[in-house]
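Structure data follow from model.cif (mmCIF, C-alpha atoms and all ligand atoms):
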data_entry
#
loop_
_atom_site.label_atom_id
_atom_site.label_comp_id
_atom_site.auth_asym_id
_atom_site.auth_seq_id
_atom_site.Cartn_x
_atom_site.Cartn_y
_atom_site.Cartn_z
CA MET A 18 -219.40 -54.40 2.86
CA LEU A 19 -219.01 -50.95 1.25
CA LYS A 20 -218.66 -50.81 -2.51
CA LEU A 21 -218.06 -47.76 -4.69
CA SER A 22 -218.47 -48.31 -8.43
CA LYS A 23 -217.44 -45.72 -11.01
CA VAL A 24 -218.16 -42.80 -8.70
CA THR A 25 -217.69 -39.32 -10.18
CA LYS A 26 -218.37 -35.97 -8.50
CA ARG A 27 -218.20 -32.70 -10.39
CA PHE A 28 -218.30 -29.25 -8.78
CA GLY A 29 -219.00 -27.17 -11.93
CA SER A 30 -216.07 -27.86 -14.25
CA LEU A 31 -213.93 -29.35 -11.43
CA VAL A 32 -213.91 -33.14 -11.28
CA ALA A 33 -213.27 -33.76 -7.56
CA VAL A 34 -213.79 -37.54 -7.76
CA ASN A 35 -213.15 -39.22 -11.08
CA ASP A 36 -214.53 -42.69 -11.93
CA LEU A 37 -213.43 -44.10 -8.58
CA SER A 38 -214.16 -47.72 -7.58
CA PHE A 39 -213.13 -49.59 -4.43
CA ASN A 40 -214.42 -52.16 -1.93
CA VAL A 41 -214.06 -52.12 1.83
CA GLU A 42 -214.41 -55.55 3.42
CA LYS A 43 -215.94 -56.20 6.84
CA GLY A 44 -213.37 -55.97 9.66
CA GLN A 45 -210.76 -54.07 7.64
CA ILE A 46 -208.91 -50.89 8.38
CA PHE A 47 -208.90 -49.36 4.90
CA GLY A 48 -206.62 -46.37 4.30
CA ILE A 49 -207.04 -43.49 1.86
CA ALA A 50 -204.23 -41.05 1.13
CA GLY A 51 -203.33 -38.50 -1.52
CA PRO A 52 -202.12 -34.92 -1.86
CA ASN A 53 -204.17 -31.92 -0.67
CA GLY A 54 -207.27 -31.45 -2.81
CA ALA A 55 -207.12 -35.05 -4.10
CA GLY A 56 -210.81 -35.58 -3.28
CA LYS A 57 -210.47 -37.65 -0.08
CA SER A 58 -212.97 -35.72 2.06
CA THR A 59 -215.32 -35.49 -0.93
CA VAL A 60 -215.37 -39.30 -1.05
CA TYR A 61 -216.62 -39.27 2.58
CA ASN A 62 -219.18 -36.60 1.72
CA LEU A 63 -220.49 -38.81 -1.09
CA ILE A 64 -220.63 -41.97 1.05
CA THR A 65 -222.49 -40.08 3.80
CA GLY A 66 -225.07 -38.53 1.45
CA PHE A 67 -224.00 -34.87 1.41
CA TYR A 68 -224.03 -34.56 -2.41
CA ASN A 69 -225.50 -36.19 -5.49
CA PHE A 70 -223.00 -37.94 -7.74
CA GLU A 71 -222.64 -40.23 -10.75
CA GLY A 72 -222.05 -43.94 -10.20
CA SER A 73 -223.07 -46.23 -7.38
CA ILE A 74 -222.34 -46.73 -3.68
CA SER A 75 -223.74 -49.77 -1.88
CA PHE A 76 -223.51 -50.85 1.73
CA ASP A 77 -224.21 -54.44 2.79
CA GLY A 78 -225.60 -55.02 -0.71
CA LYS A 79 -228.04 -52.08 -0.52
CA GLU A 80 -227.74 -49.06 -2.82
CA ILE A 81 -227.31 -45.97 -0.65
CA SER A 82 -226.89 -43.29 -3.32
CA GLY A 83 -229.72 -40.79 -3.04
CA MET A 84 -230.29 -41.48 0.66
CA LYS A 85 -230.14 -38.66 3.21
CA PRO A 86 -227.21 -38.47 5.70
CA TYR A 87 -229.43 -39.49 8.67
CA GLN A 88 -230.67 -42.55 6.78
CA ILE A 89 -227.12 -43.60 5.92
CA SER A 90 -226.09 -43.10 9.54
CA LYS A 91 -228.93 -45.32 10.71
CA LEU A 92 -227.73 -48.08 8.38
CA GLY A 93 -224.46 -48.10 10.32
CA ILE A 94 -222.07 -45.65 8.65
CA SER A 95 -220.61 -43.02 10.93
CA ARG A 96 -217.87 -40.44 10.43
CA THR A 97 -215.74 -37.74 11.96
CA PHE A 98 -214.77 -34.46 10.30
CA GLN A 99 -211.38 -33.13 9.28
CA ILE A 100 -211.90 -30.02 11.41
CA PRO A 101 -213.08 -31.18 14.87
CA GLN A 102 -216.79 -30.43 15.31
CA THR A 103 -218.35 -30.50 18.76
CA PHE A 104 -221.38 -28.85 20.40
CA PRO A 105 -219.70 -26.24 22.66
CA SER A 106 -222.73 -25.79 24.92
CA LEU A 107 -222.99 -29.52 25.73
CA THR A 108 -220.88 -31.52 28.14
CA VAL A 109 -218.80 -34.48 26.99
CA GLU A 110 -221.38 -36.89 28.41
CA GLN A 111 -224.31 -35.08 26.77
CA SER A 112 -222.54 -35.13 23.39
CA ILE A 113 -222.04 -38.87 23.57
CA GLU A 114 -225.71 -39.20 24.57
CA VAL A 115 -226.76 -37.31 21.42
CA GLY A 116 -224.94 -39.84 19.23
CA ASN A 117 -226.40 -42.67 21.25
CA ARG A 118 -230.02 -41.46 20.97
CA PHE A 119 -229.56 -40.90 17.26
CA GLY A 120 -228.23 -44.38 16.70
CA ASN A 121 -230.69 -46.21 18.92
CA LYS A 122 -234.16 -45.03 17.88
CA ASP A 123 -234.21 -42.40 20.65
CA ARG A 124 -233.43 -44.94 23.37
CA HIS A 125 -231.05 -43.87 26.07
CA ASP A 126 -228.63 -46.78 26.38
CA ILE A 127 -226.71 -45.84 29.52
CA LYS A 128 -224.48 -48.91 29.34
CA ARG A 129 -223.36 -48.01 25.84
CA ILE A 130 -222.74 -44.38 26.88
CA GLU A 131 -220.58 -45.50 29.83
CA LYS A 132 -218.70 -47.96 27.66
CA ILE A 133 -217.91 -45.30 25.07
CA ILE A 134 -216.78 -42.71 27.65
CA ASP A 135 -214.41 -45.33 29.07
CA PHE A 136 -213.32 -46.49 25.65
CA VAL A 137 -212.24 -43.02 24.48
CA GLN A 138 -210.84 -42.28 27.95
CA LEU A 139 -212.83 -39.16 28.72
CA GLN A 140 -213.96 -40.18 32.23
CA ASP A 141 -212.24 -37.21 33.89
CA GLU A 142 -213.72 -34.71 31.43
CA ARG A 143 -217.24 -36.13 31.26
CA LYS A 144 -218.93 -33.14 33.00
CA GLU A 145 -216.91 -30.51 31.13
CA LEU A 146 -218.30 -28.41 28.30
CA THR A 147 -216.85 -29.65 25.01
CA GLY A 148 -215.59 -26.14 24.20
CA THR A 149 -213.05 -26.45 27.03
CA LEU A 150 -211.44 -29.63 25.66
CA ASN A 151 -207.99 -29.55 24.08
CA LEU A 152 -207.48 -30.81 20.51
CA LEU A 153 -206.91 -34.44 21.51
CA GLY A 154 -209.97 -34.30 23.79
CA LYS A 155 -212.12 -32.90 20.97
CA LYS A 156 -210.92 -35.63 18.63
CA LYS A 157 -211.62 -38.36 21.15
CA LEU A 158 -215.07 -36.89 21.75
CA MET A 159 -215.84 -36.73 18.03
CA ILE A 160 -214.84 -40.39 17.71
CA GLY A 161 -216.86 -41.26 20.83
CA ALA A 162 -220.01 -39.50 19.57
CA ALA A 163 -219.67 -41.32 16.24
CA LEU A 164 -219.17 -44.65 18.02
CA ALA A 165 -222.21 -44.04 20.22
CA THR A 166 -224.42 -44.35 17.12
CA ASN A 167 -223.38 -48.02 17.03
CA PRO A 168 -221.76 -47.96 13.58
CA LYS A 169 -220.66 -50.90 11.47
CA ILE A 170 -218.21 -48.63 9.65
CA LEU A 171 -216.43 -45.64 11.16
CA MET A 172 -214.82 -43.20 8.71
CA LEU A 173 -212.08 -40.99 10.14
CA ASP A 174 -210.89 -37.89 8.24
CA GLU A 175 -207.26 -37.10 9.10
CA PRO A 176 -207.58 -37.84 12.82
CA MET A 177 -203.84 -37.29 13.41
CA ALA A 178 -203.72 -33.77 11.92
CA GLY A 179 -202.10 -31.24 14.25
CA SER A 180 -201.16 -33.90 16.82
CA ASN A 181 -197.80 -34.44 18.52
CA ALA A 182 -196.03 -37.82 18.67
CA HIS A 183 -197.63 -38.73 22.00
CA GLU A 184 -201.13 -37.88 20.75
CA ILE A 185 -200.57 -39.80 17.51
CA LYS A 186 -199.62 -42.87 19.53
CA ALA A 187 -202.77 -42.54 21.66
CA LEU A 188 -205.00 -42.12 18.61
CA MET A 189 -203.40 -45.07 16.81
CA GLU A 190 -204.02 -47.23 19.85
CA LEU A 191 -207.63 -46.05 20.01
CA ILE A 192 -208.25 -46.79 16.32
CA LYS A 193 -206.75 -50.26 16.66
CA ASN A 194 -208.93 -50.99 19.70
CA ILE A 195 -212.11 -49.76 17.99
CA ASN A 196 -211.37 -52.16 15.15
CA GLU A 197 -210.29 -55.16 17.20
CA GLU A 198 -212.33 -54.92 20.39
CA LEU A 199 -215.53 -53.29 19.12
CA GLY A 200 -215.37 -55.06 15.74
CA VAL A 201 -215.95 -51.83 13.80
CA THR A 202 -214.69 -51.63 10.20
CA ILE A 203 -212.65 -48.47 9.69
CA ILE A 204 -211.81 -46.19 6.79
CA LEU A 205 -208.93 -43.88 7.59
CA ILE A 206 -207.90 -40.81 5.61
CA GLU A 207 -204.41 -39.88 6.71
CA HIS A 208 -201.29 -38.10 5.50
CA PHE A 209 -198.83 -39.85 7.81
CA MET A 210 -197.55 -42.84 5.83
CA LYS A 211 -196.13 -44.49 8.94
CA VAL A 212 -199.58 -44.46 10.53
CA LEU A 213 -201.13 -45.90 7.36
CA THR A 214 -198.57 -48.66 6.90
CA GLU A 215 -198.86 -49.64 10.57
CA LEU A 216 -202.64 -49.60 10.81
CA THR A 217 -204.17 -50.40 7.45
CA GLU A 218 -204.69 -53.65 5.59
CA VAL A 219 -205.43 -52.01 2.24
CA LEU A 220 -204.29 -48.56 1.12
CA LEU A 221 -205.83 -46.52 -1.70
CA ILE A 222 -203.93 -43.56 -3.13
CA ILE A 223 -205.83 -40.93 -5.10
CA GLU A 224 -204.70 -37.82 -6.94
CA THR A 225 -207.08 -35.29 -8.53
CA GLY A 226 -209.94 -37.66 -7.75
CA THR A 227 -208.40 -40.60 -9.63
CA GLU A 228 -206.98 -43.84 -8.25
CA ILE A 229 -203.18 -44.02 -8.49
CA CYS A 230 -202.97 -47.45 -6.89
CA CYS A 231 -204.60 -49.64 -4.27
CA GLY A 232 -203.42 -52.68 -2.32
CA ASP A 233 -200.93 -53.80 0.28
CA PRO A 234 -199.69 -50.65 2.10
CA ALA A 235 -195.99 -51.60 1.93
CA GLU A 236 -196.21 -52.17 -1.82
CA VAL A 237 -198.34 -49.09 -2.42
CA THR A 238 -195.94 -46.77 -0.57
CA SER A 239 -192.95 -48.03 -2.58
CA ASN A 240 -194.78 -47.64 -5.90
CA PRO A 241 -192.90 -45.04 -8.03
CA LYS A 242 -196.17 -43.40 -9.14
CA VAL A 243 -197.12 -42.84 -5.49
CA ILE A 244 -193.66 -41.49 -4.63
CA GLU A 245 -193.90 -39.12 -7.56
CA CYS A 246 -197.37 -37.85 -6.71
CA TYR A 247 -196.31 -37.27 -3.09
CA LEU A 248 -192.82 -35.90 -3.62
CA GLY A 249 -193.12 -34.64 -7.20
CA GLY A 250 -190.13 -36.26 -8.90
CA ASP A 251 -187.38 -38.88 -8.65
CA HIS A 252 -186.67 -39.72 -5.04
CA ASP A 253 -184.99 -42.68 -3.44
N1 LIG A 301 -218.50 -28.13 -1.92
C1 LIG A 301 -217.53 -27.92 -2.81
N2 LIG A 301 -217.70 -27.04 -3.82
C2 LIG A 301 -216.74 -26.83 -4.75
N3 LIG A 301 -215.54 -27.46 -4.75
C3 LIG A 301 -215.31 -28.33 -3.77
C4 LIG A 301 -216.28 -28.62 -2.74
N4 LIG A 301 -215.77 -29.54 -1.89
C5 LIG A 301 -214.54 -29.83 -2.36
N5 LIG A 301 -214.26 -29.10 -3.49
C6 LIG A 301 -213.04 -29.18 -4.28
O1 LIG A 301 -212.84 -30.54 -4.62
C7 LIG A 301 -211.47 -30.87 -4.56
C8 LIG A 301 -211.26 -32.00 -3.58
O2 LIG A 301 -211.47 -31.50 -2.27
P1 LIG A 301 -211.37 -32.41 -0.97
O3 LIG A 301 -211.71 -31.55 0.19
O4 LIG A 301 -212.17 -33.63 -1.17
O5 LIG A 301 -209.81 -32.78 -0.97
P2 LIG A 301 -208.97 -33.58 0.14
O6 LIG A 301 -208.29 -34.69 -0.58
O7 LIG A 301 -209.82 -33.91 1.28
O8 LIG A 301 -207.87 -32.49 0.52
P3 LIG A 301 -207.14 -32.19 1.94
O9 LIG A 301 -206.01 -33.18 2.06
O10 LIG A 301 -206.64 -30.80 1.78
O11 LIG A 301 -208.17 -32.33 3.01
C9 LIG A 301 -210.72 -29.60 -4.19
O12 LIG A 301 -210.27 -29.00 -5.39
C10 LIG A 301 -211.79 -28.77 -3.51
O13 LIG A 301 -211.53 -27.39 -3.66
MG MG A 302 -209.81 -33.46 3.25
#

Structure rendered as structure tokens:
Amino acid sequence: MLKLSKVTKRFGSLVAVNDLSFNVEKGQIFGIAGPNGAGKSTVYNLITGFYNFEGSISFDGKEISGMKPYQISKLGISRTFQIPQTFPSLTVEQSIEVGNRFGNKDRHDIKRIEKIIDFVQLQDERKELTGTLNLLGKKKLMIGAALATNPKILMLDEPMAGSNAHEIKALMELIKNINEELGVTIILIEHFMKVLTELTEVLLIIETGTEICCGDPAEVTSNPKVIECYLGGDHD
């Protein structure tokens, strides 16, 4: 469904993504992990058309490199950001509407909007300004606005960051439901290995923009190279 082939991104002399190739299959939850500065968010920025790069990215067999972010979104790729981004002067409902209009050729699909508000469980907050939401509320809203565009793939950038155990459980449940009930393919950048091993079908580990290993999450997390790049030495 989504295929990266030999993708490299340089920022001056820094190689943020280095000859990276991977495939995400339809229906998967595909995990990406790696130390800080490994290039994870840059991979999202390349897939969503923020920067030029070397190599190729295709979606449903169509080359998307060189396309603008809005064009890529309209093809069915949607994302959230590592630092929650909301429109503070809009209500929850209005924010979901924005995503919905964007994803539906300016049609206002009230059924879809209602479904998404229910799905992310923001019924009680629907008339509140997004600036008043707590962190979990902002994250759910960001996911809801992305879902309202009707994506085929949803890319989440560290959705668990800063969350407590209760919030992590709620977000894991939400991600699972988006995948299973809405049939949306998911790419998940995350630091919490437990979350990755529980949710993902395939896990890619990168360090300084380069693949360390990719495959079954249980095998990947017991790979000595992964343990070393995470913990920096010999660890049981
Ligand atoms: N626009 C940019 N200009 C210059 N350097 C950048 C830019 N964006 C990212 N970088 C650099 O590229 C490298 C990869 O950054 P990136 O944000 O992709 O890492 P990450 O894996 O998402 O890290 P984290 O876990 O901290 O979010 C870092 O060294 C970062 O400083
Ligand atoms: Mg990042």

Quick one: everything within 8 Å of Leu173 (chain A), counting only C-alpha atoms, minus sequence neighbours fewer than 3 positions away in the same chain. Send it as JSON, numbers by chain. {"A": [96, 97, 98, 99, 176, 203, 204, 205, 206]}

Got a sec: who's within 8 Å of region 231-240 of chain A, counting all atoms listed in the file, leaving out chain neighbours fewer than 6 positions off, as an NGL selection string? :A and (210 or 213-214 or 217-222)

Kindly provide, as JSON, numbers by chain, all nucleotide and amino acid residues lying within 8 Å of ligand LIG 301 (chain A), counting only C-alpha atoms and all ligand atoms. {"A": [28, 29, 31, 32, 33, 34, 50, 51, 52, 53, 54, 55, 56, 57, 58, 59, 60, 99, 175, 208, 224, 225, 226]}

Give me the residues near Glu198 (chain A) as a tab-separated table (two decimals) with C-alpha atoms, in the frame of the given file, where near means some atom within 12 Å (using all atoms listed in the file) and where sequence neighbours in that chain fewer than 6 positions away do not count.
chain	number	residue	atom	x	y	z
A	44	GLY	CA	-213.37	-55.97	9.66
A	132	LYS	CA	-218.70	-47.96	27.66
A	136	PHE	CA	-213.32	-46.49	25.65
A	190	GLU	CA	-204.02	-47.23	19.85
A	191	LEU	CA	-207.63	-46.05	20.01
A	192	ILE	CA	-208.25	-46.79	16.32

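Proximity of A:Ile100, A:Met189, A:Ile94, A:Leu150 to Glu215 (chain A), computed with all atoms listed in the file, is greatest for A:Met189.
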
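In this structure, CA of Met172 (chain A) sits 13.8 Å away from CA of Gly200 (chain A).
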
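Between ligand MG 302 (chain A) and the candidates A:Glu131, A:Asp141, A:Glu207, A:Glu110, the tightest atom-to-atom separation, counting all atoms listed in the file, involves A:Glu207.
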
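The closest residue to ligand MG 302 (chain A), picked from A:Ile81, A:Ala178, A:Gly116, A:Tyr68 and counting only C-alpha atoms and all ligand atoms, is A:Ala178.
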